[in-house]
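Have a look at input.cif; it's mmCIF, C-alpha atoms and all ligand atoms:
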data_coords
#
loop_
_atom_site.label_atom_id
_atom_site.label_comp_id
_atom_site.auth_asym_id
_atom_site.auth_seq_id
_atom_site.Cartn_x
_atom_site.Cartn_y
_atom_site.Cartn_z
CA MET A 1 173.32 147.48 117.12
CA ASN A 2 172.02 149.02 120.33
CA PRO A 3 174.50 148.14 123.08
CA SER A 4 171.93 148.78 125.82
CA SER A 5 169.62 145.97 124.73
CA PRO A 6 171.05 142.59 125.74
CA PRO A 7 171.14 140.07 122.91
CA ARG A 8 167.94 138.08 123.11
CA LYS A 9 167.66 134.38 122.58
CA GLN A 10 167.78 133.51 118.89
CA GLN A 11 164.97 134.77 116.71
CA ILE A 12 162.09 132.35 116.20
CA PRO A 13 161.80 131.09 112.62
CA VAL A 14 158.34 131.51 111.14
CA ILE A 15 157.51 129.01 108.43
CA VAL A 16 154.64 129.51 105.99
CA LEU A 17 152.95 126.26 104.99
CA ALA A 18 150.90 126.66 101.83
CA GLY A 19 149.23 124.49 99.23
CA PHE A 20 145.86 124.02 97.63
CA LEU A 21 142.84 122.47 99.29
CA GLY A 22 143.43 118.85 100.07
CA SER A 23 147.12 118.81 99.11
CA GLY A 24 148.08 117.57 102.56
CA LYS A 25 149.06 120.65 104.59
CA THR A 26 147.25 119.58 107.73
CA THR A 27 148.60 116.05 107.42
CA LEU A 28 152.13 117.47 107.20
CA LEU A 29 151.50 119.82 110.11
CA ASN A 30 150.25 116.97 112.27
CA HIS A 31 153.33 114.99 111.33
CA LEU A 32 155.52 117.90 112.45
CA LEU A 33 153.61 118.20 115.72
CA ARG A 34 154.09 114.51 116.44
CA ASN A 35 157.77 114.60 115.58
CA ARG A 36 158.78 117.99 116.80
CA ALA A 37 162.12 116.87 118.23
CA GLY A 38 161.60 118.54 121.58
CA ASN A 39 160.65 121.87 120.02
CA ARG A 40 157.73 123.93 121.19
CA ILE A 41 155.81 124.80 118.05
CA GLY A 42 153.39 127.66 117.67
CA VAL A 43 150.79 127.12 114.98
CA ILE A 44 148.72 129.78 113.32
CA VAL A 45 145.80 128.42 111.34
CA ASN A 46 142.59 129.71 109.90
CA ASP A 47 140.58 127.30 111.97
CA PHE A 48 141.40 124.71 114.62
CA GLY A 49 138.93 122.23 113.27
CA SER A 50 141.33 120.53 110.91
CA ILE A 51 144.17 119.99 113.37
CA GLU A 52 144.10 116.76 115.34
CA ILE A 53 143.81 118.52 118.62
CA ASP A 54 142.27 115.36 120.12
CA ALA A 55 145.60 113.64 119.69
CA MET A 56 147.10 116.02 122.21
CA THR A 57 146.09 117.21 125.63
CA VAL A 58 144.47 120.59 125.49
CA SER A 59 145.72 122.40 128.56
CA GLY A 60 144.07 125.74 128.18
CA GLN A 61 142.12 127.95 125.86
CA VAL A 62 142.33 131.71 125.98
CA GLY A 63 140.47 133.69 123.37
CA SER A 64 141.38 132.09 120.10
CA THR A 65 144.65 130.62 121.37
CA VAL A 66 144.78 126.99 122.41
CA SER A 67 147.66 125.74 124.48
CA LEU A 68 148.39 122.08 123.95
CA GLY A 69 150.06 120.12 126.73
CA SER A 70 152.39 118.61 124.21
CA GLY A 71 154.34 121.82 123.68
CA CYS A 72 152.30 123.45 121.01
CA LEU A 73 150.37 126.65 121.00
CA CYS A 74 147.70 127.12 118.37
CA CYS A 75 145.78 130.14 117.33
CA ALA A 76 143.23 130.74 114.66
CA VAL A 77 143.56 134.06 112.91
CA ASP A 78 142.49 136.26 110.18
CA VAL A 79 145.52 137.36 108.15
CA SER A 80 144.94 140.97 109.19
CA GLU A 81 145.54 139.91 112.80
CA LEU A 82 148.84 138.24 112.01
CA ASP A 83 151.07 140.79 113.72
CA THR A 84 149.03 140.67 116.91
CA PHE A 85 149.27 136.90 117.07
CA LEU A 86 152.96 136.87 116.32
CA GLU A 87 153.33 139.32 119.16
CA THR A 88 151.53 136.91 121.51
CA LEU A 89 153.38 133.85 120.31
CA THR A 90 156.81 135.44 120.59
CA ARG A 91 156.42 136.49 124.24
CA PRO A 92 159.12 134.82 126.31
CA ALA A 93 156.44 133.07 128.42
CA ALA A 94 155.30 131.09 125.36
CA ARG A 95 158.84 129.63 125.08
CA LEU A 96 158.34 128.74 121.43
CA ASP A 97 161.15 127.54 119.19
CA VAL A 98 159.38 127.68 115.86
CA ILE A 99 156.11 129.05 114.48
CA VAL A 100 154.22 127.54 111.55
CA ILE A 101 151.52 129.48 109.74
CA GLU A 102 149.21 127.25 107.76
CA ALA A 103 147.93 129.42 104.95
CA SER A 104 144.36 128.60 104.05
CA GLY A 105 144.00 127.01 100.66
CA LEU A 106 142.88 130.34 99.32
CA ALA A 107 145.40 132.68 100.93
CA GLU A 108 148.09 134.01 98.66
CA PRO A 109 151.29 132.80 100.31
CA GLN A 110 153.35 135.65 98.81
CA GLU A 111 151.24 138.06 100.79
CA LEU A 112 152.01 136.24 104.05
CA VAL A 113 155.71 136.09 103.22
CA ARG A 114 155.72 139.78 102.42
CA MET A 115 154.04 140.54 105.74
CA LEU A 116 156.61 138.46 107.61
CA LEU A 117 159.54 140.10 105.89
CA ALA A 118 158.08 143.53 106.56
CA SER A 119 157.15 142.75 110.17
CA ASP A 120 158.86 144.92 112.74
CA ASN A 121 158.64 142.16 115.36
CA PRO A 122 162.32 141.77 116.30
CA HIS A 123 161.81 138.26 117.69
CA ILE A 124 161.01 136.51 114.44
CA VAL A 125 162.96 135.56 111.36
CA TYR A 126 161.57 134.25 108.09
CA GLY A 127 161.75 130.45 108.08
CA GLY A 128 160.74 129.74 104.49
CA LEU A 129 157.70 129.14 102.32
CA VAL A 130 156.84 125.46 102.10
CA GLU A 131 154.40 124.64 99.31
CA VAL A 132 152.63 121.28 99.53
CA VAL A 133 151.63 119.86 96.16
CA ASP A 134 149.28 116.94 95.51
CA ALA A 135 151.21 114.74 93.05
CA ALA A 136 148.10 112.82 92.03
CA GLU A 137 146.13 115.96 91.21
CA PHE A 138 149.00 118.02 89.86
CA ASP A 139 147.77 118.67 86.31
CA ALA A 140 144.14 119.02 87.30
CA GLY A 141 145.12 121.38 90.12
CA ARG A 142 147.18 123.57 87.80
CA GLU A 143 144.33 123.75 85.35
CA ARG A 144 141.87 124.82 88.00
CA HIS A 145 144.30 127.17 89.74
CA PRO A 146 146.89 128.54 87.29
CA GLU A 147 148.18 130.73 90.13
CA ILE A 148 149.90 127.64 91.54
CA ASP A 149 152.81 128.38 89.18
CA ARG A 150 153.29 131.72 90.89
CA HIS A 151 153.30 130.02 94.27
CA LEU A 152 155.84 127.44 93.11
CA ALA A 153 158.05 130.19 91.71
CA VAL A 154 158.31 131.89 95.10
CA ALA A 155 158.41 128.74 97.27
CA ASP A 156 161.61 127.82 99.10
CA LEU A 157 160.72 124.17 99.54
CA VAL A 158 158.18 122.17 97.55
CA VAL A 159 156.85 119.01 99.17
CA LEU A 160 155.56 116.78 96.41
CA ASN A 161 153.04 114.89 98.51
CA LYS A 162 150.90 111.79 97.84
CA THR A 163 153.69 110.16 95.86
CA ASP A 164 152.13 106.83 96.84
CA ARG A 165 149.57 107.62 94.19
CA VAL A 166 151.92 108.21 91.23
CA GLY A 167 154.82 106.29 89.69
CA SER A 168 158.43 107.44 89.60
CA GLU A 169 158.24 108.59 85.96
CA GLU A 170 155.31 110.83 86.76
CA GLN A 171 157.19 112.18 89.80
CA ALA A 172 160.14 113.06 87.55
CA ARG A 173 157.84 114.78 85.06
CA ILE A 174 156.20 116.85 87.80
CA ARG A 175 159.61 117.84 89.15
CA ASP A 176 160.49 119.19 85.70
CA VAL A 177 157.28 121.15 85.51
CA ILE A 178 157.93 122.60 88.97
CA ALA A 179 161.46 123.59 87.99
CA SER A 180 160.11 125.64 85.10
CA ALA A 181 157.04 126.96 86.94
CA GLY A 182 156.74 130.70 86.82
CA ALA A 183 159.02 131.03 83.79
CA PRO A 184 157.59 132.68 80.67
CA ALA A 185 155.76 130.13 78.51
CA GLY A 186 158.09 128.09 76.34
CA ASP A 187 161.20 129.53 77.95
CA ALA A 188 162.04 127.39 80.97
CA ALA A 189 165.66 128.52 80.77
CA ALA A 190 164.59 132.07 81.58
CA GLY A 191 163.79 131.21 85.18
CA GLY A 192 161.36 129.13 87.14
CA SER A 193 161.23 127.78 90.64
CA ALA A 194 164.52 127.69 92.54
CA ALA A 195 162.86 125.65 95.27
CA ALA A 196 164.23 122.40 96.57
CA VAL A 197 161.71 119.66 95.81
CA ILE A 198 161.26 116.66 98.06
CA CYS A 199 158.81 113.80 97.67
CA ALA A 200 156.65 112.62 100.55
CA THR A 201 153.73 110.46 101.48
CA TYR A 202 151.35 111.69 104.15
CA GLY A 203 153.58 114.72 104.64
CA ARG A 204 156.26 112.64 106.32
CA ILE A 205 159.24 114.86 105.85
CA ASP A 206 162.20 114.98 108.19
CA PRO A 207 161.38 117.87 110.56
CA GLN A 208 165.06 118.79 110.51
CA LEU A 209 164.51 120.15 107.05
CA LEU A 210 162.51 122.91 108.70
CA PHE A 211 163.92 123.26 112.20
CA ASP A 212 166.65 121.90 114.42
CA PRO A 213 166.14 119.53 117.34
CA ALA A 214 165.70 121.54 120.53
CA LEU A 215 168.49 121.42 123.05
CA ARG A 216 166.14 121.39 125.99
CA PRO A 217 167.11 119.72 129.24
CA ASP A 218 163.48 119.74 130.29
CA GLY A 219 162.37 116.06 130.42
CA GLU A 220 158.68 116.86 130.03
CA GLU A 221 159.42 118.46 126.67
CA LYS A 222 161.25 115.50 125.25
CA ALA A 223 159.24 114.20 122.34
CA ARG A 224 160.94 111.40 120.52
CA GLN A 225 162.72 112.72 117.55
CA LEU A 226 161.95 111.13 114.25
CA THR A 227 165.34 110.78 112.73
CA PHE A 228 166.40 110.44 109.20
CA GLU A 229 167.25 106.79 110.01
CA ASP A 230 163.71 106.16 111.27
CA LEU A 231 162.29 107.39 107.99
CA LEU A 232 164.73 105.24 106.12
CA LEU A 233 163.85 102.17 108.19
CA ALA A 234 160.14 102.80 107.67
CA GLU A 235 160.74 103.03 103.95
CA ARG A 236 162.79 99.82 103.91
CA ALA A 237 160.08 98.02 105.87
CA GLU A 238 157.56 99.19 103.29
CA ASP A 239 159.78 98.02 100.47
CA GLU A 240 160.25 94.63 102.09
CA ALA A 241 156.53 94.30 102.58
CA GLY A 242 156.08 95.13 98.91
CA VAL A 243 154.19 98.33 99.59
CA GLY A 244 157.01 100.72 98.88
CA HIS A 245 157.18 102.59 95.64
CA GLY A 246 160.82 102.43 94.81
CA HIS A 247 161.31 105.92 96.13
CA HIS A 248 163.90 106.08 98.88
CA LEU A 249 163.84 108.80 101.44
CA HIS A 250 167.60 108.92 101.64
CA ALA A 251 167.42 110.36 98.15
CA ALA A 252 165.00 113.01 99.36
CA TYR A 253 167.59 115.50 100.45
CA GLU A 254 171.26 115.74 101.19
CA SER A 255 173.26 117.62 103.71
CA VAL A 256 176.81 118.86 103.74
CA SER A 257 178.76 119.65 106.90
CA PHE A 258 181.65 122.02 106.59
CA THR A 259 184.19 122.98 109.23
CA ALA A 260 187.23 125.22 108.81
CA ASP A 261 189.80 126.28 111.36
CA VAL A 262 191.16 129.07 109.20
CA PRO A 263 189.00 132.17 108.68
CA MET A 264 186.73 132.52 105.69
CA ASN A 265 187.31 135.21 103.10
CA PRO A 266 184.19 137.44 103.24
CA ARG A 267 184.25 138.36 99.58
CA ARG A 268 184.60 134.79 98.37
CA LEU A 269 181.99 133.47 100.79
CA MET A 270 179.52 136.12 99.63
CA GLU A 271 180.16 135.15 96.01
CA PHE A 272 179.42 131.55 96.97
CA LEU A 273 176.24 132.54 98.83
CA ASP A 274 175.01 134.90 96.13
CA SER A 275 175.27 132.17 93.52
CA ARG A 276 174.10 129.26 95.68
CA PRO A 277 172.52 126.57 93.57
CA GLN A 278 168.89 125.83 93.01
CA GLY A 279 167.75 123.21 95.48
CA LEU A 280 170.01 124.38 98.32
CA TYR A 281 167.22 125.00 100.77
CA ARG A 282 168.84 125.77 104.11
CA ILE A 283 172.22 126.90 105.40
CA LYS A 284 172.87 127.24 109.10
CA GLY A 285 175.89 127.64 111.32
CA PHE A 286 178.45 130.32 112.02
CA VAL A 287 181.39 131.87 110.27
CA ASP A 288 184.77 133.15 111.43
CA PHE A 289 185.86 136.07 109.25
CA GLY A 290 189.19 136.43 111.08
CA VAL A 291 190.57 139.96 110.75
CA GLY A 292 187.29 140.99 109.08
CA ASP A 293 185.87 141.06 112.63
CA ARG A 294 188.01 139.62 115.37
CA GLY A 295 185.40 140.05 118.10
CA ASN A 296 182.42 138.27 116.56
CA LYS A 297 181.37 135.08 114.93
CA TYR A 298 178.65 135.51 112.29
CA VAL A 299 175.64 133.27 112.75
CA LEU A 300 174.35 132.42 109.28
CA HIS A 301 170.71 131.62 108.53
CA ALA A 302 169.62 131.07 104.95
CA VAL A 303 166.36 129.63 103.74
CA GLY A 304 165.58 129.66 100.05
CA ARG A 305 166.79 133.04 98.76
CA PHE A 306 166.58 134.63 102.21
CA LEU A 307 169.91 135.19 103.92
CA ARG A 308 170.82 136.75 107.23
CA PHE A 309 173.99 137.14 109.32
CA ALA A 310 173.90 137.90 113.04
CA PRO A 311 177.21 138.87 114.68
CA GLN A 312 177.66 137.31 118.11
CA PRO A 313 180.67 137.88 120.36
CA TRP A 314 183.08 134.97 120.60
CA THR A 315 183.35 133.69 124.13
CA ARG A 316 186.85 133.85 125.58
CA ASP A 317 187.96 130.26 125.09
CA GLU A 318 185.81 129.42 122.11
CA PRO A 319 187.83 127.89 119.27
CA ARG A 320 187.78 130.17 116.22
CA LEU A 321 186.04 127.94 113.72
CA THR A 322 183.57 128.11 110.87
CA GLN A 323 180.89 125.46 111.05
CA LEU A 324 178.15 125.21 108.48
CA VAL A 325 175.47 122.72 107.54
CA LEU A 326 173.87 122.93 104.10
CA ILE A 327 170.66 121.09 103.32
CA GLY A 328 169.04 120.69 99.94
CA SER A 329 167.68 118.44 97.29
CA GLY A 330 169.37 117.78 93.97
CA ILE A 331 172.60 119.36 95.19
CA ASP A 332 176.14 118.09 94.67
CA PRO A 333 177.58 117.74 98.21
CA GLU A 334 181.18 117.20 97.12
CA GLN A 335 181.16 120.19 94.82
CA LEU A 336 179.61 122.42 97.51
CA HIS A 337 182.18 121.27 100.03
CA LYS A 338 184.96 122.06 97.61
CA GLU A 339 183.52 125.49 96.81
CA LEU A 340 183.32 126.31 100.51
CA ALA A 341 186.88 125.11 101.05
CA ASP A 342 187.92 127.53 98.30
CA CYS A 343 186.36 130.37 100.31
CA ARG A 344 188.92 129.95 103.08
CA GLU A 345 191.34 132.80 103.58
CA SER A 346 194.64 132.19 101.89
CA ALA A 347 197.75 133.46 103.59
CA THR A 348 199.02 135.83 100.89
CA PRO A 349 200.99 138.51 102.71
CA THR A 350 200.07 142.08 101.73
CA PRO A 351 201.35 145.30 103.30
CA GLU A 352 199.54 145.84 106.59
CA MET A 353 197.85 149.17 105.73
CA THR A 354 196.40 147.84 102.50
CA GLN A 355 195.37 144.69 104.31
CA ASP A 356 193.33 146.54 106.96
CA ALA A 357 191.51 148.65 104.39
CA ALA A 358 190.88 145.62 102.21
CA HIS A 359 189.46 143.60 105.12
CA GLU A 360 187.15 146.39 106.11
CA ARG A 361 185.90 146.76 102.54
CA SER A 362 185.43 143.05 102.00
CA MET A 363 183.12 142.85 105.05
CA TRP A 364 180.69 145.25 103.39
CA GLY A 365 179.09 142.41 101.44
CA VAL A 366 178.46 140.52 104.68
CA LEU A 367 177.17 143.55 106.56
CA ARG A 368 174.44 144.05 103.96
CA TYR A 369 172.85 140.94 105.44
CA VAL A 370 173.11 141.94 109.09
CA GLN A 371 169.78 143.11 110.42
CA GLN A 372 169.84 146.46 112.14
CA PRO A 373 167.31 146.97 114.95
CA ASP A 374 165.26 149.42 112.88
CA ASP A 375 165.47 147.49 109.60
CA ASP A 376 162.19 146.66 107.94
CA ALA A 377 163.16 143.34 106.47
N1 LIG B 401 147.04 108.75 99.46
C1 LIG B 401 147.47 109.78 100.17
N2 LIG B 401 146.59 110.57 100.82
C2 LIG B 401 147.07 111.61 101.53
C3 LIG B 401 148.45 111.89 101.61
N3 LIG B 401 148.62 113.02 102.37
C4 LIG B 401 147.38 113.41 102.76
N4 LIG B 401 146.44 112.54 102.26
C5 LIG B 401 144.98 112.64 102.45
O1 LIG B 401 144.51 113.75 101.69
C6 LIG B 401 143.39 114.36 102.34
C7 LIG B 401 143.64 115.87 102.49
O2 LIG B 401 144.72 116.07 103.39
P1 LIG B 401 144.81 117.34 104.33
O3 LIG B 401 146.07 117.23 105.09
O4 LIG B 401 143.55 117.55 105.05
O5 LIG B 401 144.95 118.47 103.23
P2 LIG B 401 144.95 120.06 103.43
O6 LIG B 401 145.85 120.61 102.42
O7 LIG B 401 145.20 120.40 104.83
O8 LIG B 401 143.47 120.39 103.06
P3 LIG B 401 142.63 121.73 103.43
O9 LIG B 401 142.66 121.86 104.92
O10 LIG B 401 141.28 121.39 102.91
O11 LIG B 401 143.26 122.85 102.72
C8 LIG B 401 143.25 113.63 103.66
O12 LIG B 401 142.23 112.67 103.51
C9 LIG B 401 144.58 112.94 103.87
O13 LIG B 401 144.49 111.77 104.64
C10 LIG B 401 149.36 111.04 100.91
O14 LIG B 401 150.59 111.23 100.87
N5 LIG B 401 148.81 110.01 100.20
#
Rewritten as structure tokens:
Amino acid sequence: MNPSSPPRKQQIPVIVLAGFLGSGKTTLLNHLLRNRAGNRIGVIVNDFGSIEIDAMTVSGQVGSTVSLGSGCLCCAVDVSELDTFLETLTRPAARLDVIVIEASGLAEPQELVRMLLASDNPHIVYGGLVEVVDAAEFDAGRERHPEIDRHLAVADLVVLNKTDRVGSEEQARIRDVIASAGAPAGDAAAGGSAAAVICATYGRIDPQLLFDPALRPDGEEKARQLTFEDLLLAERAEDEAGVGHGHHLHAAYESVSFTADVPMNPRRLMEFLDSRPQGLYRIKGFVDFGVGDRGNKYVLHAVGRFLRFAPQPWTRDEPRLTQLVLIGSGIDPEQLHKELADCRESATPTPEMTQDAAHERSMWGVLRYVQQPDDDA
């Protein structure tokens, strides 16, 4: 790392929102904008027309960028202009916390993801490919657009939307199809989508699946955060009114919090991360590798198969801890917690020389995921 450049504020996650025409991308995006938990969101779309800009105060329009009073900056772009717009949106003056690119129904999301991963903009980090699927039109959609299987295979999170229009059996069937999407015909075991799948109506997912609540003291920025409990209450109210569909949002995803006050063993943690289960969508937090690197904690960001560590100096009085949150759907929280606990360093004494060399070597696996300033991806 270049010691002359001061560490900048955390990189801004860029999320790609994809899905076929009418699947509910704009509905989901509007939901995120209304429940952005204090975050300032930058949105890149193919055209403004579909976003409910009326619902927000438009405070300025420059070129094809619209600044919304509610803490959102929108721009309409052609994919070839992506880098230029990311450049604009990541300027410190924009003060954005997260950027969402709504891929047009026709854009190939893999192409956008590839461009993001290859981008040399140091201020962004890949935030995942979210594929919105219309549950009611699933089979018809696949027939018309067989390429949807390819999209599902590379997605990090699949939002099975419009579940108000299908029963729970049909939802289960679609989930199975998604899990085998992209695998060679007749051989689901050979692969398929590793994406976490969550069900939704009108795109109402918990925004925390995609980004964290902003820690902003600024009162003007404080949008009310839609919490997990709110979603649950809304669902219960629907159930009580007899309009629910037996699908409970608390079953939508699960999270695991892990804290350790002894260092983590780099080799074992990397084994855990390299074999993380299907459906484990996000991991965030920081890791103490103890003697592996006494000076730094390692901020961990994983979304889908993407994984990145960023070393950050411990402050003088900071307690040496590992703190991680894992979020996913269809995961076994207890098992994951146990596996992480098994990654803690055990105090087996080895001769000091061997120990030093071993620690240095075991950090290699971690360092593979540390971005160097001139890395491409
Ligand atoms: N019944 C039902 N309708 C929904 C749901 N989510 C979205 N819709 C409706 O589906 C239609 C399409 O939704 P959009 O959000 O515009 O879909 P989109 O993917 O952005 O569509 P394009 O911009 O054309 O690509 C709208 O009329 C929405 O109100 C849902 O969960 N259930």
For this session: Produce as a PyMOL selection string the set of residues near ligand LIG 401 (chain B), where near means within 9 Å with all atoms listed in the file considered.
Result: chain A and resi 18-30+50-51+102-106+132-136+160-165+200-204
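Each of A:Asp149, A:Glu169, A:Asp83, A:Glu108 was compared to His123 in chain A using only C-alpha atoms, and A:Asp83 turns out to be the nearest.
The residue that comes closest to Leu117 in chain A, out of A:Glu147, A:Asp288, A:Asp176, A:Leu129 and on the basis of all atoms listed in the file, is A:Leu129.
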Exercise. Rounded to one decimal in Å, what is the spacing between CA of Val125 in chain A and CA of Arg282 in chain A?
Worked result: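 CA of Arg282 in chain A lies 13.5 Å from CA of Val125 in chain A.
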Seminar exercise, completed: Across A:Ala195, A:Ile15, A:Val45, A:Val130, the smallest distance to Ala153 in chain A, with all atoms listed in the file counted, is shown by A:Ala195
Problem set entry | Interatomic distance, CA of Leu86 in chain A to CA of Val14 in chain A (Å, one decimal) |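 CA of Leu86 in chain A sits 9.2 Å away from CA of Val14 in chain A.
Restricting the calculation to all atoms listed in the file, the smallest distance between Asp206 in chain A and any of A:Arg175, A:Thr315, A:Glu254, A:Pro263 is found for A:Glu254.
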Problem set entry | For Gln10 in chain A: contacts at 12 Å, only C-alpha atoms, fewer than 2 positions along chain excluded, given as a PyMOL selection string | chain A and resi 6-8+12-13+90+92+95-98+122-125+299-301+309-312
Atoms to include: C-alpha atoms. Write the selected residues as a PDB file, keeping the file's coordinate frame.
ATOM      1  CA  PRO A   6     171.050 142.590 125.740  1.00  0.00           C
ATOM      2  CA  PRO A   7     171.140 140.070 122.910  1.00  0.00           C
ATOM      3  CA  ARG A   8     167.940 138.080 123.110  1.00  0.00           C
ATOM      4  CA  ILE A  12     162.090 132.350 116.200  1.00  0.00           C
ATOM      5  CA  PRO A  13     161.800 131.090 112.620  1.00  0.00           C
ATOM      6  CA  THR A  90     156.810 135.440 120.590  1.00  0.00           C
ATOM      7  CA  PRO A  92     159.120 134.820 126.310  1.00  0.00           C
ATOM      8  CA  ARG A  95     158.840 129.630 125.080  1.00  0.00           C
ATOM      9  CA  LEU A  96     158.340 128.740 121.430  1.00  0.00           C
ATOM     10  CA  ASP A  97     161.150 127.540 119.190  1.00  0.00           C
ATOM     11  CA  VAL A  98     159.380 127.680 115.860  1.00  0.00           C
ATOM     12  CA  PRO A 122     162.320 141.770 116.300  1.00  0.00           C
ATOM     13  CA  HIS A 123     161.810 138.260 117.690  1.00  0.00           C
ATOM     14  CA  ILE A 124     161.010 136.510 114.440  1.00  0.00           C
ATOM     15  CA  VAL A 125     162.960 135.560 111.360  1.00  0.00           C
ATOM     16  CA  VAL A 299     175.640 133.270 112.750  1.00  0.00           C
ATOM     17  CA  LEU A 300     174.350 132.420 109.280  1.00  0.00           C
ATOM     18  CA  HIS A 301     170.710 131.620 108.530  1.00  0.00           C
ATOM     19  CA  PHE A 309     173.990 137.140 109.320  1.00  0.00           C
ATOM     20  CA  ALA A 310     173.900 137.900 113.040  1.00  0.00           C
ATOM     21  CA  PRO A 311     177.210 138.870 114.680  1.00  0.00           C
ATOM     22  CA  GLN A 312     177.660 137.310 118.110  1.00  0.00           C
TER      23      GLN A 312
END
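Of the residues under consideration (A:Lys284, A:Arg114, A:Arg320, A:Arg276), A:Arg276 shows the shortest atom-to-atom contact distance to Asp332 in chain A when counting all atoms listed in the file.
The space separating CA of Arg316 in chain A from CA of His337 in chain A comes to 28.9 Å.
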Exercise. Nearest to Val159 in chain A among A:Phe272, A:Tyr253, A:Phe289, A:Phe258, with distances taken over only C-alpha atoms: which residue is it?
Worked result: A:Tyr253
Exercise. Counting all atoms listed in the file, what is within 9 Å of Val154 in chain A, bar same-chain residues fewer than 6 positions away, as number ranges by chain?
Worked result: A: 109-110, 129, 182, 192-195
Would you save the residues of that selection, restricted to C-alpha atoms, as an mmCIF file, keeping the file's coordinate frame?
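The file below, selection15.cif, is the result:
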data_model
loop_
_atom_site.group_PDB
_atom_site.id
_atom_site.type_symbol
_atom_site.label_atom_id
_atom_site.label_comp_id
_atom_site.auth_asym_id
_atom_site.auth_seq_id
_atom_site.Cartn_x
_atom_site.Cartn_y
_atom_site.Cartn_z
ATOM 1 C CA PRO A 109 151.290 132.800 100.310
ATOM 2 C CA GLN A 110 153.350 135.650 98.810
ATOM 3 C CA LEU A 129 157.700 129.140 102.320
ATOM 4 C CA GLY A 182 156.740 130.700 86.820
ATOM 5 C CA GLY A 192 161.360 129.130 87.140
ATOM 6 C CA SER A 193 161.230 127.780 90.640
ATOM 7 C CA ALA A 194 164.520 127.690 92.540
ATOM 8 C CA ALA A 195 162.860 125.650 95.270
#
Problem set entry | Exercise: Leu273 in chain A partners within 12 Å, all atoms listed in the file, chain neighbours under 5 positions left out, as a list of chain:residue names |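 Near Leu273 in chain A, the qualifying residues are A:Pro266, A:Arg267, A:Arg268, A:Gln278, A:Leu280, A:Tyr281, A:Arg282, A:Ile283, A:Leu300, A:His301, A:Ala302, A:Val303, A:Gly304, A:Arg305, A:Phe306, A:Leu307, A:Arg308, A:Phe309, A:Leu326, A:Leu336, A:Glu339, A:Leu340, A:Cys343, A:Gly365, A:Val366, A:Tyr369.
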